[in-house]
>>> print(open('model-v7.tsv').read())   # TSV, C-alpha atoms and all ligand atoms
chain	number	residue	atom	x	y	z
A	20	MET	CA	-118.86	33.64	174.98
A	21	ILE	CA	-118.76	29.87	174.44
A	22	THR	CA	-120.52	29.32	171.12
A	23	ASP	CA	-119.22	26.09	169.60
A	24	ALA	CA	-118.75	22.50	170.71
A	25	THR	CA	-117.81	19.19	169.19
A	26	ILE	CA	-119.55	16.51	171.21
A	27	ALA	CA	-118.61	12.83	170.91
A	28	VAL	CA	-121.67	10.98	172.16
A	29	LEU	CA	-120.06	7.56	171.84
A	30	ASP	CA	-116.46	6.35	171.74
A	31	ALA	CA	-117.15	3.29	169.57
A	32	CYS	CA	-117.79	2.76	165.87
A	33	ASN	CA	-119.05	0.22	163.35
A	34	ALA	CA	-116.56	1.23	160.64
A	35	ARG	CA	-112.95	0.07	160.28
A	36	CYS	CA	-111.34	3.21	158.84
A	37	VAL	CA	-107.65	3.19	157.99
A	38	MET	CA	-107.12	6.67	159.47
A	39	CYS	CA	-108.86	6.24	162.83
A	40	ASP	CA	-108.68	3.91	165.85
A	41	ILE	CA	-112.04	4.71	167.40
A	42	TRP	CA	-113.53	1.46	166.06
A	43	GLN	CA	-111.14	-0.39	168.38
A	44	HIS	CA	-112.62	1.32	171.47
A	45	LYS	CA	-115.57	0.03	173.47
A	46	ASP	CA	-117.31	2.87	175.28
A	47	LYS	CA	-118.91	1.83	178.56
A	48	ASN	CA	-119.14	5.11	180.43
A	49	TYR	CA	-120.94	7.43	178.04
A	50	MET	CA	-123.10	10.30	179.33
A	51	GLN	CA	-126.83	9.78	179.60
A	52	PRO	CA	-129.20	12.14	177.72
A	53	GLU	CA	-130.19	14.10	180.86
A	54	GLU	CA	-126.53	14.87	181.61
A	55	TYR	CA	-126.37	17.01	178.47
A	56	ARG	CA	-128.43	19.61	180.36
A	57	ARG	CA	-125.05	20.71	181.74
A	58	LEU	CA	-124.03	22.16	178.35
A	59	PRO	CA	-123.74	25.98	178.18
A	60	SER	CA	-127.00	27.45	176.88
A	61	THR	CA	-124.94	29.96	174.87
A	62	LEU	CA	-123.92	27.32	172.30
A	63	LYS	CA	-124.82	28.29	168.75
A	64	HIS	CA	-123.13	25.48	166.76
A	65	ILE	CA	-122.93	21.91	167.98
A	66	ASN	CA	-121.26	19.08	166.07
A	67	ILE	CA	-122.55	15.72	167.30
A	68	THR	CA	-120.07	13.00	166.50
A	69	GLY	CA	-118.71	9.69	167.82
A	70	GLY	CA	-117.49	7.21	167.00
A	71	GLU	CA	-120.69	6.65	165.16
A	72	ALA	CA	-123.46	8.70	166.76
A	73	PHE	CA	-126.28	6.64	165.21
A	74	MET	CA	-125.10	3.57	167.17
A	75	ARG	CA	-126.70	5.18	170.23
A	76	LYS	CA	-130.28	3.95	170.47
A	77	ASP	CA	-131.19	7.00	172.59
A	78	LEU	CA	-129.76	9.53	170.11
A	79	PRO	CA	-133.15	11.22	169.44
A	80	GLU	CA	-133.79	11.69	173.20
A	81	LEU	CA	-130.26	12.99	173.67
A	82	LEU	CA	-130.71	15.51	170.84
A	83	TRP	CA	-133.99	16.79	172.30
A	84	VAL	CA	-132.16	17.49	175.59
A	85	VAL	CA	-129.47	19.35	173.63
A	86	ARG	CA	-132.15	21.26	171.71
A	87	GLU	CA	-133.93	22.30	174.94
A	88	THR	CA	-130.66	23.25	176.67
A	89	CYS	CA	-129.21	25.18	173.73
A	90	PRO	CA	-132.30	26.53	171.95
A	91	GLU	CA	-130.38	28.70	169.48
A	92	ALA	CA	-127.88	26.07	168.38
A	93	ARG	CA	-127.52	24.65	164.90
A	94	ILE	CA	-127.02	20.92	165.52
A	95	ILE	CA	-124.93	19.01	162.97
A	96	ILE	CA	-124.58	15.22	163.16
A	97	SER	CA	-121.52	13.61	161.56
A	98	THR	CA	-122.17	10.02	160.52
A	99	ASN	CA	-120.48	7.33	158.47
A	100	GLY	CA	-123.87	6.49	156.92
A	101	PHE	CA	-123.42	2.74	157.28
A	102	GLN	CA	-126.83	2.11	158.91
A	103	PRO	CA	-129.41	3.49	156.46
A	104	ARG	CA	-132.35	1.69	158.10
A	105	VAL	CA	-131.43	2.97	161.58
A	106	VAL	CA	-131.06	6.51	160.25
A	107	GLU	CA	-134.44	6.21	158.52
A	108	LYS	CA	-136.17	5.25	161.78
A	109	MET	CA	-134.38	7.77	164.00
A	110	ILE	CA	-134.53	10.87	161.83
A	111	GLU	CA	-138.31	11.10	162.25
A	112	ARG	CA	-137.94	11.35	166.04
A	113	MET	CA	-135.20	13.99	166.09
A	114	PRO	CA	-135.34	17.77	166.31
A	115	LYS	CA	-134.28	19.63	163.15
A	116	VAL	CA	-130.64	18.78	162.45
A	117	ALA	CA	-128.00	19.16	159.76
A	118	ILE	CA	-126.23	15.97	158.67
A	119	ARG	CA	-122.77	15.38	157.24
A	120	VAL	CA	-122.10	11.91	155.84
A	121	SER	CA	-118.49	10.79	155.43
A	122	LEU	CA	-117.40	9.70	151.96
A	123	ASP	CA	-113.77	9.14	151.02
A	124	GLY	CA	-114.08	7.88	147.48
A	125	VAL	CA	-116.48	7.16	144.66
A	126	GLY	CA	-117.27	3.43	144.38
A	127	SER	CA	-115.03	0.74	145.84
A	128	LEU	CA	-112.38	3.28	146.89
A	129	HIS	CA	-114.62	4.35	149.78
A	130	ASP	CA	-114.97	0.71	150.92
A	131	GLU	CA	-111.18	0.40	150.78
A	132	VAL	CA	-110.69	3.41	153.08
A	133	ARG	CA	-113.52	2.60	155.50
A	134	ARG	CA	-113.05	-1.20	155.21
A	135	ILE	CA	-116.79	-1.89	155.12
A	136	LYS	CA	-118.28	-4.17	152.48
A	137	ASP	CA	-120.76	-2.30	150.28
A	138	GLY	CA	-120.10	0.84	152.34
A	139	TYR	CA	-120.34	3.18	149.34
A	140	ASN	CA	-123.83	1.99	148.44
A	141	LYS	CA	-124.93	2.27	152.07
A	142	VAL	CA	-123.76	5.90	152.15
A	143	LEU	CA	-125.70	6.70	148.96
A	144	GLU	CA	-128.78	5.01	150.42
A	145	THR	CA	-128.44	7.02	153.65
A	146	ILE	CA	-128.19	10.27	151.68
A	147	GLN	CA	-131.32	9.37	149.71
A	148	ILE	CA	-133.20	8.52	152.91
A	149	LEU	CA	-132.22	11.84	154.48
A	150	LYS	CA	-133.31	13.75	151.39
A	151	THR	CA	-136.66	11.95	151.39
A	152	ALA	CA	-137.04	12.73	155.09
A	153	GLY	CA	-136.68	16.41	154.21
A	154	VAL	CA	-133.23	17.09	155.69
A	155	LYS	CA	-132.24	20.27	153.86
A	156	ASP	CA	-128.87	20.93	155.49
A	157	LEU	CA	-127.19	17.82	154.12
A	158	GLY	CA	-123.61	17.28	153.01
A	159	ILE	CA	-120.71	14.97	152.35
A	160	GLY	CA	-117.43	15.22	154.27
A	161	ALA	CA	-114.25	13.73	152.77
A	162	THR	CA	-110.89	13.05	154.40
A	163	ALA	CA	-107.81	12.94	152.16
A	164	SER	CA	-105.26	10.21	152.84
A	165	LYS	CA	-102.62	8.41	150.76
A	166	LEU	CA	-105.38	6.10	149.52
A	167	ASN	CA	-107.68	8.69	147.94
A	168	GLN	CA	-105.41	11.74	147.55
A	169	HIS	CA	-105.55	11.57	143.73
A	170	ARG	CA	-109.35	11.24	143.53
A	171	LEU	CA	-110.69	13.81	145.97
A	172	TYR	CA	-112.25	16.10	143.36
A	173	GLU	CA	-114.45	13.21	142.15
A	174	ILE	CA	-116.20	13.25	145.53
A	175	LYS	CA	-116.91	16.97	145.20
A	176	GLN	CA	-118.36	16.34	141.73
A	177	LEU	CA	-120.56	13.57	143.14
A	178	ALA	CA	-121.79	15.88	145.92
A	179	ASP	CA	-122.69	18.47	143.26
A	180	ARG	CA	-124.59	15.85	141.25
A	181	LEU	CA	-126.46	14.71	144.35
A	182	GLY	CA	-127.29	18.33	145.22
A	183	VAL	CA	-125.67	18.14	148.68
A	184	GLN	CA	-122.95	20.24	150.29
A	185	PHE	CA	-119.28	19.25	150.42
A	186	THR	CA	-116.45	19.72	152.89
A	187	CYS	CA	-113.03	18.11	153.05
A	188	THR	CA	-109.94	17.86	155.17
A	189	VAL	CA	-106.80	15.75	155.43
A	190	VAL	CA	-105.88	12.97	157.86
A	191	HIS	CA	-105.01	14.39	161.29
A	192	ASN	CA	-103.39	12.61	164.20
A	193	SER	CA	-104.69	12.84	167.74
A	194	ASP	CA	-103.77	10.90	170.88
A	195	ILE	CA	-107.22	11.48	172.33
A	196	TYR	CA	-109.32	10.84	169.24
A	197	PHE	CA	-108.25	9.37	165.88
A	198	GLY	CA	-104.94	7.89	167.07
A	199	ASN	CA	-101.75	8.27	165.06
A	200	HIS	CA	-101.73	7.39	161.38
A	201	SER	CA	-98.94	9.50	159.93
A	202	GLU	CA	-98.00	6.62	157.58
A	203	ILE	CA	-101.13	7.24	155.51
A	204	GLU	CA	-101.17	11.05	155.59
A	205	ALA	CA	-101.86	12.54	152.16
A	206	GLU	CA	-98.74	13.47	150.16
A	207	VAL	CA	-98.76	17.21	149.62
A	208	PRO	CA	-97.69	17.28	145.93
A	209	VAL	CA	-100.39	14.74	145.05
A	210	VAL	CA	-103.28	16.14	147.05
A	211	LYS	CA	-102.63	19.82	146.29
A	212	PRO	CA	-103.92	19.85	142.68
A	213	GLN	CA	-107.09	18.10	143.87
A	214	LEU	CA	-107.63	20.67	146.64
A	215	GLN	CA	-106.95	23.53	144.23
A	216	LYS	CA	-109.67	22.22	141.90
A	217	ILE	CA	-112.07	21.95	144.82
A	218	ARG	CA	-111.23	25.48	145.99
A	219	ASP	CA	-111.74	26.91	142.49
A	220	SER	CA	-115.01	25.08	142.10
A	221	PHE	CA	-116.25	26.57	145.40
A	222	LEU	CA	-115.18	30.00	144.29
A	223	ASN	CA	-117.02	29.67	141.00
A	224	SER	CA	-120.26	28.74	142.79
A	225	ALA	CA	-123.10	31.24	143.10
A	226	LYS	CA	-123.59	30.38	146.78
A	227	PRO	CA	-121.83	32.56	149.38
A	228	LYS	CA	-121.46	29.59	151.76
A	229	ASP	CA	-119.37	27.88	149.08
A	230	TRP	CA	-117.08	30.91	148.88
A	231	ALA	CA	-116.37	30.53	152.61
A	232	ARG	CA	-115.63	26.87	151.97
A	233	GLY	CA	-113.25	27.98	149.21
A	234	TYR	CA	-111.40	30.07	151.77
A	235	PHE	CA	-111.21	27.07	154.09
A	236	VAL	CA	-109.66	24.90	151.34
A	237	ASP	CA	-107.26	27.68	150.34
A	238	THR	CA	-106.03	27.96	153.91
A	239	LEU	CA	-105.86	24.14	154.16
A	240	LEU	CA	-103.38	24.35	151.27
A	241	ASP	CA	-101.36	26.87	153.29
A	242	TYR	CA	-101.50	24.53	156.30
A	243	LEU	CA	-100.14	21.67	154.16
A	244	ASP	CA	-97.37	23.99	152.96
A	245	LYS	CA	-96.56	24.65	156.65
A	246	LYS	CA	-97.22	28.37	156.27
A	247	PRO	CA	-97.94	30.46	159.38
A	248	ARG	CA	-101.49	30.27	160.62
A	249	PRO	CA	-103.63	33.15	159.26
A	250	ILE	CA	-105.77	33.41	162.43
A	251	SER	CA	-104.96	32.41	166.01
A	252	CYS	CA	-106.80	29.42	167.38
A	253	THR	CA	-109.66	30.14	169.80
A	254	ALA	CA	-109.97	26.65	171.33
A	255	ALA	CA	-110.77	26.81	175.07
A	256	ASP	CA	-112.05	30.33	174.44
A	257	ASN	CA	-115.20	30.05	172.30
A	258	PHE	CA	-115.15	26.28	171.64
A	259	PHE	CA	-114.33	22.93	173.24
A	260	PHE	CA	-114.44	19.19	172.69
A	261	LEU	CA	-116.59	17.03	174.96
A	262	GLN	CA	-115.68	13.33	175.08
A	263	SER	CA	-118.49	10.79	175.59
A	264	ASN	CA	-117.49	10.20	179.24
A	265	GLY	CA	-117.76	13.92	180.04
A	266	ASP	CA	-114.06	14.79	179.75
A	267	VAL	CA	-113.51	18.28	178.39
A	268	TYR	CA	-110.62	19.18	176.04
A	269	PRO	CA	-109.89	22.37	174.09
A	270	CYS	CA	-110.36	20.36	170.86
A	271	ASN	CA	-110.24	16.78	169.64
A	272	ILE	CA	-106.53	16.99	168.83
A	273	LEU	CA	-104.74	18.51	171.80
A	274	ASN	CA	-104.20	16.09	174.69
A	275	ILE	CA	-105.00	18.52	177.51
A	276	LYS	CA	-107.82	17.29	179.71
A	277	MET	CA	-109.31	20.42	181.25
A	278	GLY	CA	-111.94	18.80	183.48
A	279	ASN	CA	-115.14	16.78	183.37
A	280	ILE	CA	-118.60	18.21	182.75
A	281	ARG	CA	-120.10	15.70	185.19
A	282	GLN	CA	-118.27	17.49	188.01
A	283	GLU	CA	-118.11	21.13	186.84
A	284	THR	CA	-119.78	23.40	184.30
A	285	ILE	CA	-117.87	24.32	181.14
A	286	GLU	CA	-117.73	27.94	182.38
A	287	GLN	CA	-116.04	26.81	185.63
A	288	ILE	CA	-113.59	24.63	183.70
A	289	PHE	CA	-112.74	27.46	181.27
A	290	ALA	CA	-112.26	29.90	184.16
A	291	ARG	CA	-109.44	27.69	185.53
A	292	HIS	CA	-107.71	27.38	182.17
A	293	GLN	CA	-106.35	30.78	181.14
A	294	LYS	CA	-102.94	29.17	180.42
A	295	THR	CA	-104.50	26.47	178.20
A	296	ARG	CA	-106.30	29.20	176.25
A	297	GLU	CA	-103.00	31.02	175.70
A	298	LEU	CA	-101.33	27.79	174.59
A	299	CYS	CA	-104.11	27.11	172.10
A	300	SER	CA	-103.85	30.62	170.67
A	301	LYS	CA	-100.28	29.77	169.61
A	302	CYS	CA	-101.03	26.23	168.39
A	303	ASN	CA	-101.01	25.25	164.72
A	304	GLN	CA	-101.54	21.50	164.87
A	305	CYS	CA	-104.71	21.23	162.81
A	306	TRP	CA	-106.82	22.71	160.06
A	307	MET	CA	-110.15	20.89	160.16
A	308	ILE	CA	-113.63	22.26	159.50
A	309	CYS	CA	-114.86	21.55	163.04
A	310	THR	CA	-111.98	23.44	164.66
A	311	VAL	CA	-111.52	26.21	162.07
A	312	ILE	CA	-115.10	27.38	161.58
A	313	PRO	CA	-115.51	28.62	165.20
A	314	ILE	CA	-112.30	30.62	164.72
A	315	LEU	CA	-113.51	32.13	161.45
A	316	ARG	CA	-116.84	33.04	163.02
A	317	LYS	CA	-115.01	35.01	165.67
A	318	ASN	CA	-112.72	36.63	163.06
A	319	PRO	CA	-114.76	36.93	159.84
A	320	SER	CA	-112.62	39.70	158.28
A	321	LYS	CA	-110.01	37.37	156.74
A	322	PRO	CA	-112.45	35.06	154.90
A	323	LEU	CA	-114.46	38.12	153.92
A	324	ALA	CA	-111.39	39.81	152.43
A	325	TRP	CA	-110.31	36.64	150.62
A	326	VAL	CA	-113.76	36.03	149.16
A	327	THR	CA	-114.22	39.63	148.03
A	328	LYS	CA	-110.83	39.71	146.37
A	329	ASN	CA	-111.06	36.35	144.67
A	330	LYS	CA	-114.67	36.64	143.52
A	331	LEU	CA	-113.74	39.96	141.95
A	332	LEU	CA	-110.73	38.42	140.27
A	333	TYR	CA	-112.85	35.56	138.98
A	334	GLN	CA	-115.30	38.03	137.49
A	335	ILE	CA	-112.50	39.97	135.77
A	336	LYS	CA	-111.01	36.76	134.36
A	337	LYS	CA	-114.45	35.76	133.07
A	338	TRP	CA	-114.89	39.14	131.32
A	339	THR	CA	-111.41	39.12	129.83
A	340	GLY	CA	-111.51	35.40	128.94
A	341	LYS	CA	-108.22	34.74	130.71
A	342	GLU	CA	-107.60	31.54	132.64
A	343	GLU	CA	-108.78	31.75	136.23
A	344	THR	CA	-106.31	31.77	139.06
A	345	VAL	CA	-106.68	32.48	142.75
A	346	LEU	CA	-104.87	35.51	144.13
A	347	ARG	CA	-102.34	34.58	146.77
A	348	PRO	CA	-101.91	37.20	149.47
A	349	THR	CA	-98.35	38.42	149.91
A	350	THR	CA	-96.99	40.70	152.57
A	351	ALA	CA	-95.83	43.21	149.94
A	352	GLU	CA	-99.26	43.46	148.36
A	353	PRO	CA	-101.20	46.64	149.29
A	354	ARG	CA	-104.42	45.82	151.10
A	355	PRO	CA	-107.47	46.94	149.09
A	356	ASP	CA	-110.25	48.78	150.84
A	357	TYR	CA	-112.75	45.93	150.86
A	358	ASN	CA	-115.60	48.19	151.88
A	359	ARG	CA	-115.30	49.98	148.55
A	360	LEU	CA	-115.31	46.89	146.34
A	361	PRO	CA	-118.66	46.41	144.54
A	362	GLU	CA	-119.24	42.83	145.77
A	363	SER	CA	-118.35	43.70	149.32
A	364	ASN	CA	-121.80	44.51	150.68
A	365	LYS	CA	-123.39	41.36	149.29
A	366	VAL	CA	-120.55	39.22	150.59
A	367	LYS	CA	-120.67	40.89	153.99
A	368	GLU	CA	-124.40	40.35	154.25
A	369	GLU	CA	-124.26	36.69	153.32
A	370	LEU	CA	-121.11	35.73	155.18
A	371	THR	CA	-122.04	37.23	158.52
A	372	GLU	CA	-122.38	33.66	159.77
A	373	VAL	CA	-119.61	31.47	158.39
A	374	GLU	CA	-121.07	28.00	158.08
A	375	VAL	CA	-120.07	24.65	156.68
A	401	LIG	S1	-113.26	7.96	161.16
A	401	LIG	FE1	-115.39	8.01	161.87
A	401	LIG	S2	-116.33	6.27	160.85
A	401	LIG	FE2	-114.14	5.90	160.77
A	401	LIG	S3	-113.63	4.65	162.60
A	401	LIG	FE3	-113.32	6.82	163.13
A	401	LIG	S4	-115.26	7.45	164.03
A	401	LIG	FE4	-115.67	5.56	162.89
A	402	LIG	S1	-104.84	24.60	166.44
A	402	LIG	FE1	-104.24	23.34	168.20
A	402	LIG	S2	-105.54	24.01	169.90
A	402	LIG	FE2	-106.43	24.79	168.00
A	402	LIG	S3	-107.99	23.30	167.44
A	402	LIG	FE3	-106.09	22.73	166.33
A	402	LIG	S4	-104.98	21.32	167.65
A	402	LIG	FE4	-106.58	22.31	168.88
>>> encode(input="model-v7.tsv", output="C-alpha cells")
Amino acid sequence: MITDATIAVLDACNARCVMCDIWQHKDKNYMQPEEYRRLPSTLKHINITGGEAFMRKDLPELLWVVRETCPEARIIISTNGFQPRVVEKMIERMPKVAIRVSLDGVGSLHDEVRRIKDGYNKVLETIQILKTAGVKDLGIGATASKLNQHRLYEIKQLADRLGVQFTCTVVHNSDIYFGNHSEIEAEVPVVKPQLQKIRDSFLNSAKPKDWARGYFVDTLLDYLDKKPRPISCTAADNFFFLQSNGDVYPCNILNIKMGNIRQETIEQIFARHQKTRELCSKCNQCWMICTVIPILRKNPSKPLAWVTKNKLLYQIKKWTGKEETVLRPTTAEPRPDYNRLPESNKVKEELTEVEV
C-alpha cells in the first residue's frame, strides 16, 4: 500500500542556502490545488515541502484538497520560517497540520548557512507564532554541513528549551532537488561527536518518539561510516516524491522520473515500475528523515529492538552509576528475545507508529 509521500508544492524559494540550489529555480508550471485530488487516498503521512511552501498564496486551499483526498493522512509542512507574518495569516485557514521549521545554527550561524539577514530571529518569531496559534506538532529540523558541523547539539538544546521537537540530517546531493554541494558536506570526524550527543539525549528522554529519533541518529552515524544499510529502501513501493509540476520520482534523490501524476495515477505509475522498485531496494544513497521514516514504519522491528536494548542499558548504567554508552550491534552478538525484556511491551505499544 502507498502510505507516504513527499510533495514539493513549489520549485522556488526565498532563502539562499549554501547546500541547496532550489532558490535559483523559478517554478512556472506548478500543480493547481484541484489537481491534488489525484493523490492516492491511502496516504497516511504527507510531507509538504518546496522550495518554500508558504510562498504559495493558495497553500491553505491546496492543503484542504489534500485533507479531503487523504482523510487519514498526517500532513507535515517543512518551512524555512522566513515569513512569520505570512505564516501567521495562513495557519488560521489551514486544516490541522504538523510543522517543521529549518534551523541550522543558533544566532548568526543560521544566517550564514541560509544567507538571509536576520533569518534566525525570523525563525524564532515563526515558532512563537505557531505555538500561539496552537500548533502542537511543532519541531525544528537541522541540516549538518561543514559550516555548522561543530555546533549541531546547540540546536537540539535550543529545541528542548523552546519545547519543540528536533530532527537532523546531513547535507545530501540530488540532481533533481538540492543540486550537488559535496564541497560543504559535513566532515565525519567533526560531526560524529555532535550526532552522538544528540542520539544519547534522545535516548535519555522519557518520550518514546524521541527513542525512535535516537535510532534514526544512530543509523545516520552508520550511514556516515559507510556501513551496510540496516533495512532495504522501500521507495517506489510504499512512498514516492511528487515534484511541483506533477513529475513522480521514487524519492527526492534518485534521478528516475517514473511518470507524471497529471497523466496517470500513482498506482498506474507504480505498476509499470517493478524494476525501479527493485533498484531502490538495493540503493543506499541517502539517510534522511523523510525517506527513512516510511521504511521504518514498514519494518518497525529494528528500531524496536534498538530502543529496547539501549533503553535497558541506559537504565542499568543509571542504577550502577557507570558512564552511559550506546550498545553497538555486532554480528557475533546473540540476539536477545525482545519480547521478554521488561520494557518491551511499553516500547512496542508506543512505537507502533514511528513518527518524526
Ligand atoms: S534548503 Fe530549503 S530553504 Fe534552503 S534554498 Fe533549499 S528549499 Fe529553500
Ligand atoms: S536509498 Fe536511494 S532510493 Fe531510497 S530514498 Fe534514498 S536515494 Fe532514494
>>> closest_atom_pairs(input="model-v7.tsv", of="chain A", to="ligand LIG 401 (chain A)", cutoff="8 Å", atoms="only C-alpha atoms and all ligand atoms", output="CSV")
residue,atom,partner,partner_atom,distance
A:Asp30,CA,A:LIG401,S4,7.9
A:Ala31,CA,A:LIG401,S4,7.2
A:Cys32,CA,A:LIG401,FE4,4.6
A:Asn33,CA,A:LIG401,FE4,6.3
A:Ala34,CA,A:LIG401,S3,4.9
A:Arg35,CA,A:LIG401,S3,5.2
A:Cys36,CA,A:LIG401,FE2,4.3
A:Val37,CA,A:LIG401,FE2,7.6
A:Met38,CA,A:LIG401,S1,6.5
A:Cys39,CA,A:LIG401,FE3,4.5
A:Asp40,CA,A:LIG401,S3,6.0
A:Ile41,CA,A:LIG401,FE3,4.9
A:Trp42,CA,A:LIG401,S3,4.7
A:Thr68,CA,A:LIG401,S4,7.7
A:Gly69,CA,A:LIG401,S4,5.6
A:Gly70,CA,A:LIG401,S4,3.7
A:Glu71,CA,A:LIG401,S4,5.6
A:Thr98,CA,A:LIG401,S2,6.9
A:Asn99,CA,A:LIG401,S2,4.9
A:Ser121,CA,A:LIG401,S2,7.4
A:Arg133,CA,A:LIG401,FE2,6.2
A:Phe197,CA,A:LIG401,FE3,6.3
>>> atom_distance(input="model-v7.tsv", atom1="CA of Thr238 (chain A)", atom2="CA of Trp306 (chain A)")
8.1 Å
>>> closest_atom_pairs(input="model-v7.tsv", of="chain A", to="ligand LIG 402 (chain A)", cutoff="8 Å", atoms="all atoms listed in the file", output="JSON lines")
{"residue": "A:Ser251", "atom": "CA", "partner": "A:LIG402", "partner_atom": "S1", "distance": 7.8}
{"residue": "A:Cys252", "atom": "CA", "partner": "A:LIG402", "partner_atom": "FE2", "distance": 4.7}
{"residue": "A:Thr253", "atom": "CA", "partner": "A:LIG402", "partner_atom": "FE2", "distance": 6.5}
{"residue": "A:Ala254", "atom": "CA", "partner": "A:LIG402", "partner_atom": "FE2", "distance": 5.2}
{"residue": "A:Ala255", "atom": "CA", "partner": "A:LIG402", "partner_atom": "S2", "distance": 7.9}
{"residue": "A:Pro269", "atom": "CA", "partner": "A:LIG402", "partner_atom": "FE4", "distance": 6.2}
{"residue": "A:Cys270", "atom": "CA", "partner": "A:LIG402", "partner_atom": "FE4", "distance": 4.7}
{"residue": "A:Asn271", "atom": "CA", "partner": "A:LIG402", "partner_atom": "FE4", "distance": 6.7}
{"residue": "A:Ile272", "atom": "CA", "partner": "A:LIG402", "partner_atom": "S4", "distance": 4.7}
{"residue": "A:Leu273", "atom": "CA", "partner": "A:LIG402", "partner_atom": "S4", "distance": 5.0}
{"residue": "A:Leu298", "atom": "CA", "partner": "A:LIG402", "partner_atom": "S2", "distance": 7.3}
{"residue": "A:Cys299", "atom": "CA", "partner": "A:LIG402", "partner_atom": "S2", "distance": 4.1}
{"residue": "A:Ser300", "atom": "CA", "partner": "A:LIG402", "partner_atom": "S2", "distance": 6.9}
{"residue": "A:Lys301", "atom": "CA", "partner": "A:LIG402", "partner_atom": "S1", "distance": 7.6}
{"residue": "A:Cys302", "atom": "CA", "partner": "A:LIG402", "partner_atom": "FE1", "distance": 4.3}
{"residue": "A:Asn303", "atom": "CA", "partner": "A:LIG402", "partner_atom": "S1", "distance": 4.2}
{"residue": "A:Gln304", "atom": "CA", "partner": "A:LIG402", "partner_atom": "S4", "distance": 4.4}
{"residue": "A:Cys305", "atom": "CA", "partner": "A:LIG402", "partner_atom": "FE3", "distance": 4.1}
{"residue": "A:Trp306", "atom": "CA", "partner": "A:LIG402", "partner_atom": "FE3", "distance": 6.3}
{"residue": "A:Met307", "atom": "CA", "partner": "A:LIG402", "partner_atom": "FE3", "distance": 7.6}
{"residue": "A:Thr310", "atom": "CA", "partner": "A:LIG402", "partner_atom": "S3", "distance": 4.9}
{"residue": "A:Val311", "atom": "CA", "partner": "A:LIG402", "partner_atom": "S3", "distance": 7.1}
>>> write_last_selection(input="model-v7.tsv", atoms="C-alpha atoms", output="compact mmCIF listing (two decimals), in the frame of the given file")
# COMPACT_ATOMS: atom_id res chain seq x y z
CA SER A 251 -104.96 32.41 166.01
CA CYS A 252 -106.80 29.42 167.38
CA THR A 253 -109.66 30.14 169.80
CA ALA A 254 -109.97 26.65 171.33
CA ALA A 255 -110.77 26.81 175.07
CA PRO A 269 -109.89 22.37 174.09
CA CYS A 270 -110.36 20.36 170.86
CA ASN A 271 -110.24 16.78 169.64
CA ILE A 272 -106.53 16.99 168.83
CA LEU A 273 -104.74 18.51 171.80
CA LEU A 298 -101.33 27.79 174.59
CA CYS A 299 -104.11 27.11 172.10
CA SER A 300 -103.85 30.62 170.67
CA LYS A 301 -100.28 29.77 169.61
CA CYS A 302 -101.03 26.23 168.39
CA ASN A 303 -101.01 25.25 164.72
CA GLN A 304 -101.54 21.50 164.87
CA CYS A 305 -104.71 21.23 162.81
CA TRP A 306 -106.82 22.71 160.06
CA MET A 307 -110.15 20.89 160.16
CA THR A 310 -111.98 23.44 164.66
CA VAL A 311 -111.52 26.21 162.07
>>> atom_distance(input="model-v7.tsv", atom1="CA of Cys89 (chain A)", atom2="CA of Asp194 (chain A)")
29.3 Å
>>> atom_distance(input="model-v7.tsv", atom1="CA of Glu87 (chain A)", atom2="CA of Gln147 (chain A)")
28.5 Å
>>> residues_around(input="model-v7.tsv", residues="Arg93 (chain A)", least_positions_apart="3", cutoff="10 Å", atoms="only C-alpha atoms", output="NGL selection string")
:A and (23 or 62-66 or 86 or 89-90 or 115-117 or 374)
>>> closest_residue(input="model-v7.tsv", among="A:Ile203, A:Val189, A:Ile275, A:Ile159", to="Val142 (chain A)", atoms="all atoms listed in the file")
A:Ile159
>>> residues_around(input="model-v7.tsv", residues="Ile21 (chain A)", least_positions_apart="4", cutoff="8 Å", atoms="all atoms listed in the file", output="PyMOL selection string")
chain A and resi 59+61-62+256-258
>>> closest_residue(input="model-v7.tsv", among="A:Glu206, A:Lys108, A:Pro313, A:Ser263", to="Asp46 (chain A)", atoms="all atoms listed in the file")
A:Ser263
>>> closest_residue(input="model-v7.tsv", among="A:Gly153, A:Ser224, A:Val190, A:Asn140", to="Gln334 (chain A)", atoms="only C-alpha atoms")
A:Ser224
